[in-house]
Amino acid sequence: MHKINSEFSEKIKQYGAFDINACYNCGNCTAICPLSTEDNSFPRKMIRATILGLEDKINSSMDPWLCYYCGECSDTCPRDADPGGLMMALRRYQIRKFSLGKVADIFYNGFSSVFAWIILTLLAIGGIYIFGNYPDMEKINPLSMISLDTLHDGGIIAFIFLILLAFFQIYVMMKSVNGFKKKSFKFSESVKGFFDVLFKEVLAQKKFSECEDKSRYIAHLSLVWGFIGLFIATITVMMIDLFISTQSTLKIIPKIIGIVSGLPAIYGSVYFLYKRGKQKDNYSKYSHHTDWIFIILIFLAILSGYALDICRWSLFFKGYYVSFALHLIIVFELIITLPFTKFSHLMYRPVALWLAELKNKE
């Protein structure tokens, strides 16, 4: 038995849903969606649950995460109810619902979001000032701004923080899933399902490729692969510094990986910034401020990374220190806010796809 919240459809508009009450349940959105199946007949099912105010049903469903918002349902909706926008709004709503202490609320409210980003920026600047040294502007030396030991220690602390928080929030997500908490799945099936999702959906984005707009699929895949490459490069550098030497010539390998990986990530972020700026496609017409902040931070993180390398190679001393500081601030903000902002798609969507895979096999 699900409780009815009569104000839920109005509440969900705060997260970007357009006019879902215009829907008259024709089912066109489900019929047109290339990803909808007999097992997961979205977005129609989620529309009805939203209009009826079945908040518990929505919280226990993974359907919002199975949608990639290609916009075909919204393009063909006879009532302009924007079902794709609703699915995106429900993802934002679930990010808030699953987050520890509802911290995500801060980043999905316009006023508190501005205040939070300012505080995080000031904390990052304060950290550089407290743990760093006054750099010698007449020569380039990474250790003169902030030591590698401090960076490594901070990175390890941030990594542990993210892992613990991610496991907690994923646990909350899984616990809320209808049917999952009452059933046990074979270990072999769970492992196989996990690797199927990892290779088919995370790395190849197979379901996303079924959407009509192939350019968006390529841009999204570029962003994912670019981010994975940059993450591998960062971890590799840290491992070389910790276990081999900070002066090791092996560091050229992650440096190359980072430079190469940054290119598709730049392409993907520029593509989405351009699309959101033009506002011609349904998925970009009603962009939430969290979408803008996320993609801008990704773009600036990569751009500042390239800038500090260019300044270092060209011996532009002041430019190097400025771009290095900017890069540290942006990366700090991305890492700290990952579980509470759009960046959390990185953990929620694969888990949702994995749970859907297990339930379908059952």
# chains A, B, ... in the order shown; residues from 1 in each chain; ligands from 1

call {"tool": "residues_around", "arguments": {"residues": "Leu250 (chain A)", "least_positions_apart": "4", "cutoff": "12 Å", "atoms": "only C-alpha atoms", "output": "list in words"}}
result
Ala233, Thr236, Val237, Met238, Met239, Ile240, Asp241, Phe243, Ile244, Ser245, Thr246, Pro254, Lys255, Ile256 and Ile257 of chain A

call {"tool": "write_last_selection", "arguments": {"atoms": "C-alpha atoms", "output": "compact mmCIF listing (two decimals), in the first residue's frame"}}
result
# COMPACT_ATOMS: atom_id res chain seq x y z
CA ALA A 233 46.27 9.14 -14.90
CA THR A 236 48.91 6.34 -11.52
CA VAL A 237 50.87 9.51 -10.72
CA MET A 238 50.04 9.14 -7.03
CA MET A 239 51.16 5.49 -7.02
CA ILE A 240 54.45 6.34 -8.74
CA ASP A 241 55.13 9.19 -6.30
CA PHE A 243 55.99 3.75 -4.18
CA ILE A 244 58.74 4.62 -6.68
CA SER A 245 59.94 8.23 -6.78
CA THR A 246 58.62 11.73 -7.33
CA PRO A 254 50.25 9.01 -16.87
CA LYS A 255 51.09 12.45 -18.23
CA ILE A 256 50.46 11.21 -21.78
CA ILE A 257 47.29 9.41 -20.64

call {"tool": "closest_atom_pairs", "arguments": {"of": "region 257-324 of chain A", "to": "region 211-224 of chain A", "cutoff": "10 Å", "atoms": "only C-alpha atoms", "output": "JSON lines"}}
result
{"residue": "A:Ser261", "atom": "CA", "partner": "A:Ser222", "partner_atom": "CA", "distance": 8.9}
{"residue": "A:Gly262", "atom": "CA", "partner": "A:Leu223", "partner_atom": "CA", "distance": 8.9}
{"residue": "A:Leu263", "atom": "CA", "partner": "A:Ser222", "partner_atom": "CA", "distance": 8.6}
{"residue": "A:Pro264", "atom": "CA", "partner": "A:Ser222", "partner_atom": "CA", "distance": 4.8}
{"residue": "A:Ala265", "atom": "CA", "partner": "A:Leu223", "partner_atom": "CA", "distance": 4.3}
{"residue": "A:Ile266", "atom": "CA", "partner": "A:Leu223", "partner_atom": "CA", "distance": 7.5}
{"residue": "A:Tyr267", "atom": "CA", "partner": "A:Ala219", "partner_atom": "CA", "distance": 6.8}
{"residue": "A:Gly268", "atom": "CA", "partner": "A:Ala219", "partner_atom": "CA", "distance": 4.4}
{"residue": "A:Ser269", "atom": "CA", "partner": "A:Leu223", "partner_atom": "CA", "distance": 6.7}
{"residue": "A:Val270", "atom": "CA", "partner": "A:Ala219", "partner_atom": "CA", "distance": 9.0}
{"residue": "A:Tyr271", "atom": "CA", "partner": "A:Ala219", "partner_atom": "CA", "distance": 6.6}
{"residue": "A:Phe272", "atom": "CA", "partner": "A:Ala219", "partner_atom": "CA", "distance": 7.7}
{"residue": "A:Lys275", "atom": "CA", "partner": "A:Arg216", "partner_atom": "CA", "distance": 9.5}
{"residue": "A:Ile298", "atom": "CA", "partner": "A:Leu223", "partner_atom": "CA", "distance": 9.3}

call {"tool": "residues_around", "arguments": {"residues": "region 98-113 of chain A", "least_positions_apart": "5", "cutoff": "10 Å", "atoms": "only C-alpha atoms", "output": "PyMOL selection string"}}
result
chain A and resi 14-15+59+92-93+118-119+165-166+168-174+176+288-290+337-342+344+348

call {"tool": "select_by_dssp", "arguments": {"residues": "region 33-229 of chain A", "states": "alpha helix (DSSP H)", "output": "ChimeraX atom specification"}}
result
/A:44-52,55-59,63-66,72-75,83-98,104-108,110-131,148-176,187-196,206-209,214-229

call {"tool": "write_last_selection", "arguments": {"atoms": "C-alpha atoms", "output": "CSV table (one decimal), in the first residue's frame"}}
result
chain,number,residue,atom,x,y,z
A,44,ARG,CA,4.4,6.5,-18.6
A,45,LYS,CA,4.5,4.6,-15.3
A,46,MET,CA,6.5,7.4,-13.5
A,47,ILE,CA,4.2,10.0,-14.9
A,48,ARG,CA,1.1,8.3,-13.4
A,49,ALA,CA,2.9,7.8,-10.1
A,50,THR,CA,3.9,11.5,-10.0
A,51,ILE,CA,0.4,12.8,-10.9
A,52,LEU,CA,-1.2,10.5,-8.3
A,55,GLU,CA,6.0,9.2,-3.6
A,56,ASP,CA,6.9,5.9,-2.0
A,57,LYS,CA,6.5,4.1,-5.4
A,58,ILE,CA,8.8,6.6,-7.0
A,59,ASN,CA,11.4,6.3,-4.2
A,63,ASP,CA,13.1,3.7,-13.7
A,64,PRO,CA,14.3,7.3,-13.6
A,65,TRP,CA,17.9,6.1,-13.9
A,66,LEU,CA,17.2,3.9,-16.9
A,72,GLU,CA,12.1,11.8,-28.2
A,73,CYS,CA,9.2,11.3,-25.8
A,74,SER,CA,9.0,15.1,-25.1
A,75,ASP,CA,9.4,15.9,-28.8
A,83,PRO,CA,7.9,13.4,-19.9
A,84,GLY,CA,11.7,13.4,-20.4
A,85,GLY,CA,12.0,16.5,-18.3
A,86,LEU,CA,10.0,14.7,-15.5
A,87,MET,CA,12.4,11.7,-15.6
A,88,MET,CA,15.3,14.1,-15.2
A,89,ALA,CA,13.5,15.9,-12.3
A,90,LEU,CA,12.9,12.6,-10.6
A,91,ARG,CA,16.6,11.8,-10.8
A,92,ARG,CA,17.4,15.1,-9.1
A,93,TYR,CA,14.7,14.3,-6.5
A,94,GLN,CA,16.2,10.9,-5.8
A,95,ILE,CA,19.7,12.4,-5.4
A,96,ARG,CA,18.3,14.5,-2.7
A,97,LYS,CA,16.3,11.6,-1.2
A,98,PHE,CA,19.3,9.2,-1.0
A,104,ALA,CA,21.9,17.5,-1.5
A,105,ASP,CA,19.1,19.9,-0.7
A,106,ILE,CA,21.7,22.6,-0.3
A,107,PHE,CA,22.8,22.3,-3.9
A,108,TYR,CA,19.3,22.0,-5.4
A,110,GLY,CA,19.1,28.4,-5.7
A,111,PHE,CA,20.0,30.6,-2.8
A,112,SER,CA,21.7,28.0,-0.6
A,113,SER,CA,23.5,26.6,-3.6
A,114,VAL,CA,25.2,30.0,-4.3
A,115,PHE,CA,26.2,30.2,-0.6
A,116,ALA,CA,27.5,26.6,-0.6
A,117,TRP,CA,29.7,27.1,-3.6
A,118,ILE,CA,31.2,30.3,-2.2
A,119,ILE,CA,32.0,28.6,1.1
A,120,LEU,CA,33.6,25.6,-0.7
A,121,THR,CA,35.7,28.0,-2.8
A,122,LEU,CA,36.8,29.9,0.3
A,123,LEU,CA,37.7,26.6,2.0
A,124,ALA,CA,39.8,25.5,-0.9
A,125,ILE,CA,41.6,28.9,-1.0
A,126,GLY,CA,42.1,28.7,2.7
A,127,GLY,CA,43.5,25.2,2.4
A,128,ILE,CA,46.1,26.3,-0.2
A,129,TYR,CA,47.1,29.2,2.0
A,130,ILE,CA,47.4,27.2,5.2
A,131,PHE,CA,49.1,24.0,3.8
A,148,LEU,CA,53.3,16.5,-3.0
A,149,ASP,CA,53.0,14.8,0.4
A,150,THR,CA,50.2,17.3,1.3
A,151,LEU,CA,48.5,16.7,-2.0
A,152,HIS,CA,48.7,12.9,-1.6
A,153,ASP,CA,47.5,12.9,2.0
A,154,GLY,CA,44.6,15.2,1.0
A,155,GLY,CA,43.8,13.0,-2.0
A,156,ILE,CA,43.8,9.8,0.1
A,157,ILE,CA,41.5,11.5,2.7
A,158,ALA,CA,39.1,12.7,0.0
A,159,PHE,CA,39.1,9.2,-1.6
A,160,ILE,CA,38.2,7.5,1.7
A,161,PHE,CA,35.5,10.1,2.3
A,162,LEU,CA,34.0,9.5,-1.1
A,163,ILE,CA,34.1,5.7,-0.9
A,164,LEU,CA,32.4,5.6,2.6
A,165,LEU,CA,29.8,8.2,1.6
A,166,ALA,CA,29.1,6.5,-1.8
A,167,PHE,CA,28.6,3.1,-0.1
A,168,PHE,CA,26.3,4.6,2.4
A,169,GLN,CA,24.2,6.4,-0.2
A,170,ILE,CA,24.1,3.4,-2.5
A,171,TYR,CA,23.0,1.3,0.4
A,172,VAL,CA,20.1,3.7,1.0
A,173,MET,CA,19.2,3.5,-2.7
A,174,MET,CA,19.3,-0.3,-2.7
A,175,LYS,CA,17.3,-0.6,0.5
A,176,SER,CA,14.6,1.6,-1.0
A,187,PHE,CA,26.4,-14.4,-6.0
A,188,SER,CA,27.4,-15.6,-9.5
A,189,GLU,CA,24.4,-13.8,-11.1
A,190,SER,CA,25.2,-10.6,-9.1
A,191,VAL,CA,28.9,-10.6,-10.2
A,192,LYS,CA,28.0,-11.4,-13.9
A,193,GLY,CA,25.3,-8.7,-13.8
A,194,PHE,CA,27.8,-6.2,-12.4
A,195,PHE,CA,30.4,-6.8,-15.1
A,196,ASP,CA,27.7,-6.8,-17.8
A,206,LYS,CA,24.9,0.5,-25.1
A,207,LYS,CA,21.5,1.7,-24.1
A,208,PHE,CA,22.3,5.3,-24.7
A,209,SER,CA,23.4,4.4,-28.3
A,214,LYS,CA,23.9,9.9,-32.1
A,215,SER,CA,25.9,13.1,-31.7
A,216,ARG,CA,24.8,13.4,-28.1
A,217,TYR,CA,25.7,9.7,-27.5
A,218,ILE,CA,29.2,10.3,-28.8
A,219,ALA,CA,29.6,13.5,-26.7
A,220,HIS,CA,28.5,11.7,-23.6
A,221,LEU,CA,30.7,8.7,-24.3
A,222,SER,CA,33.7,11.1,-24.9
A,223,LEU,CA,33.0,12.7,-21.6
A,224,VAL,CA,32.8,9.4,-19.8
A,225,TRP,CA,36.0,7.9,-21.4
A,226,GLY,CA,37.8,11.2,-20.9
A,227,PHE,CA,37.0,11.3,-17.2
A,228,ILE,CA,38.0,7.6,-16.8
A,229,GLY,CA,41.3,8.3,-18.5

call {"tool": "closest_residue", "arguments": {"among": "A:Tyr24, A:Phe231, A:Phe316, A:Tyr286", "to": "Met137 (chain A)", "atoms": "only C-alpha atoms"}}
result
A:Phe316

call {"tool": "residues_around", "arguments": {"residues": "Tyr306 (chain A)", "least_positions_apart": "5", "cutoff": "9 Å", "atoms": "only C-alpha atoms", "output": "list in words"}}
result
Ile259, Gly262, Ala301, Cys311 and Ser323 of chain A

call {"tool": "decode", "arguments": {"residues": "region 114-233 of chain A", "atoms": "C-alpha atoms", "output": "compact mmCIF listing (two decimals), in the first residue's frame"}}
result
# COMPACT_ATOMS: atom_id res chain seq x y z
CA VAL A 114 25.24 29.96 -4.27
CA PHE A 115 26.18 30.23 -0.60
CA ALA A 116 27.54 26.62 -0.56
CA TRP A 117 29.74 27.10 -3.63
CA ILE A 118 31.17 30.32 -2.21
CA ILE A 119 31.98 28.57 1.09
CA LEU A 120 33.63 25.64 -0.71
CA THR A 121 35.72 28.03 -2.82
CA LEU A 122 36.85 29.92 0.28
CA LEU A 123 37.69 26.63 2.04
CA ALA A 124 39.83 25.55 -0.93
CA ILE A 125 41.63 28.90 -1.01
CA GLY A 126 42.15 28.70 2.75
CA GLY A 127 43.54 25.18 2.42
CA ILE A 128 46.06 26.31 -0.21
CA TYR A 129 47.09 29.22 2.02
CA ILE A 130 47.40 27.16 5.23
CA PHE A 131 49.05 24.03 3.82
CA GLY A 132 50.99 25.67 1.02
CA ASN A 133 54.02 27.88 0.87
CA TYR A 134 54.54 31.28 -0.72
CA PRO A 135 55.67 30.39 -4.24
CA ASP A 136 58.79 31.77 -5.83
CA MET A 137 57.31 33.54 -8.84
CA GLU A 138 60.67 33.54 -10.61
CA LYS A 139 60.85 29.76 -11.08
CA ILE A 140 58.49 26.84 -11.56
CA ASN A 141 58.59 24.36 -8.73
CA PRO A 142 55.41 22.45 -7.81
CA LEU A 143 56.69 21.98 -4.25
CA SER A 144 56.90 25.75 -3.72
CA MET A 145 53.10 26.10 -3.72
CA ILE A 146 51.99 22.95 -1.97
CA SER A 147 54.02 19.81 -1.28
CA LEU A 148 53.31 16.50 -2.99
CA ASP A 149 52.97 14.85 0.42
CA THR A 150 50.20 17.27 1.33
CA LEU A 151 48.47 16.69 -2.01
CA HIS A 152 48.73 12.92 -1.63
CA ASP A 153 47.47 12.94 1.95
CA GLY A 154 44.58 15.19 0.96
CA GLY A 155 43.79 12.96 -2.01
CA ILE A 156 43.75 9.81 0.13
CA ILE A 157 41.48 11.46 2.74
CA ALA A 158 39.12 12.68 0.00
CA PHE A 159 39.09 9.22 -1.62
CA ILE A 160 38.22 7.49 1.67
CA PHE A 161 35.52 10.10 2.33
CA LEU A 162 33.99 9.50 -1.10
CA ILE A 163 34.11 5.71 -0.86
CA LEU A 164 32.43 5.62 2.56
CA LEU A 165 29.79 8.15 1.58
CA ALA A 166 29.14 6.46 -1.77
CA PHE A 167 28.65 3.07 -0.10
CA PHE A 168 26.26 4.57 2.43
CA GLN A 169 24.15 6.37 -0.19
CA ILE A 170 24.12 3.39 -2.53
CA TYR A 171 22.99 1.27 0.44
CA VAL A 172 20.11 3.72 1.03
CA MET A 173 19.25 3.52 -2.66
CA MET A 174 19.30 -0.28 -2.74
CA LYS A 175 17.33 -0.55 0.48
CA SER A 176 14.55 1.56 -1.00
CA VAL A 177 14.27 -0.47 -4.23
CA ASN A 178 10.97 -2.31 -4.42
CA GLY A 179 11.51 -6.07 -4.20
CA PHE A 180 15.28 -5.98 -3.84
CA LYS A 181 15.38 -5.75 -0.05
CA LYS A 182 13.16 -8.82 0.28
CA LYS A 183 15.03 -11.11 -2.07
CA SER A 184 18.49 -12.55 -2.32
CA PHE A 185 20.28 -13.08 -5.61
CA LYS A 186 22.86 -15.70 -6.43
CA PHE A 187 26.40 -14.41 -6.01
CA SER A 188 27.42 -15.59 -9.49
CA GLU A 189 24.44 -13.81 -11.07
CA SER A 190 25.22 -10.63 -9.14
CA VAL A 191 28.86 -10.63 -10.23
CA LYS A 192 28.01 -11.39 -13.86
CA GLY A 193 25.34 -8.67 -13.85
CA PHE A 194 27.83 -6.19 -12.40
CA PHE A 195 30.40 -6.82 -15.14
CA ASP A 196 27.71 -6.78 -17.83
CA VAL A 197 26.70 -3.30 -16.69
CA LEU A 198 30.33 -2.19 -16.35
CA PHE A 199 31.32 -3.14 -19.90
CA LYS A 200 28.04 -2.68 -21.77
CA GLU A 201 26.61 0.38 -20.08
CA VAL A 202 29.39 2.26 -18.29
CA LEU A 203 32.14 1.79 -20.87
CA ALA A 204 30.13 1.29 -24.08
CA GLN A 205 26.90 3.14 -23.13
CA LYS A 206 24.95 0.53 -25.15
CA LYS A 207 21.46 1.68 -24.12
CA PHE A 208 22.33 5.31 -24.74
CA SER A 209 23.44 4.38 -28.27
CA GLU A 210 19.87 3.26 -29.03
CA CYS A 211 18.66 6.86 -28.76
CA GLU A 212 18.15 8.66 -32.07
CA ASP A 213 20.58 11.54 -31.42
CA LYS A 214 23.94 9.87 -32.09
CA SER A 215 25.94 13.09 -31.70
CA ARG A 216 24.79 13.38 -28.08
CA TYR A 217 25.69 9.75 -27.47
CA ILE A 218 29.21 10.31 -28.85
CA ALA A 219 29.65 13.46 -26.74
CA HIS A 220 28.48 11.67 -23.59
CA LEU A 221 30.74 8.68 -24.32
CA SER A 222 33.66 11.07 -24.91
CA LEU A 223 33.03 12.72 -21.56
CA VAL A 224 32.85 9.37 -19.76
CA TRP A 225 35.98 7.95 -21.39
CA GLY A 226 37.84 11.22 -20.90
CA PHE A 227 36.97 11.29 -17.21
CA ILE A 228 37.99 7.63 -16.76
CA GLY A 229 41.32 8.32 -18.46
CA LEU A 230 42.00 11.38 -16.31
CA PHE A 231 41.13 9.42 -13.17
CA ILE A 232 43.52 6.60 -14.17
CA ALA A 233 46.27 9.14 -14.90
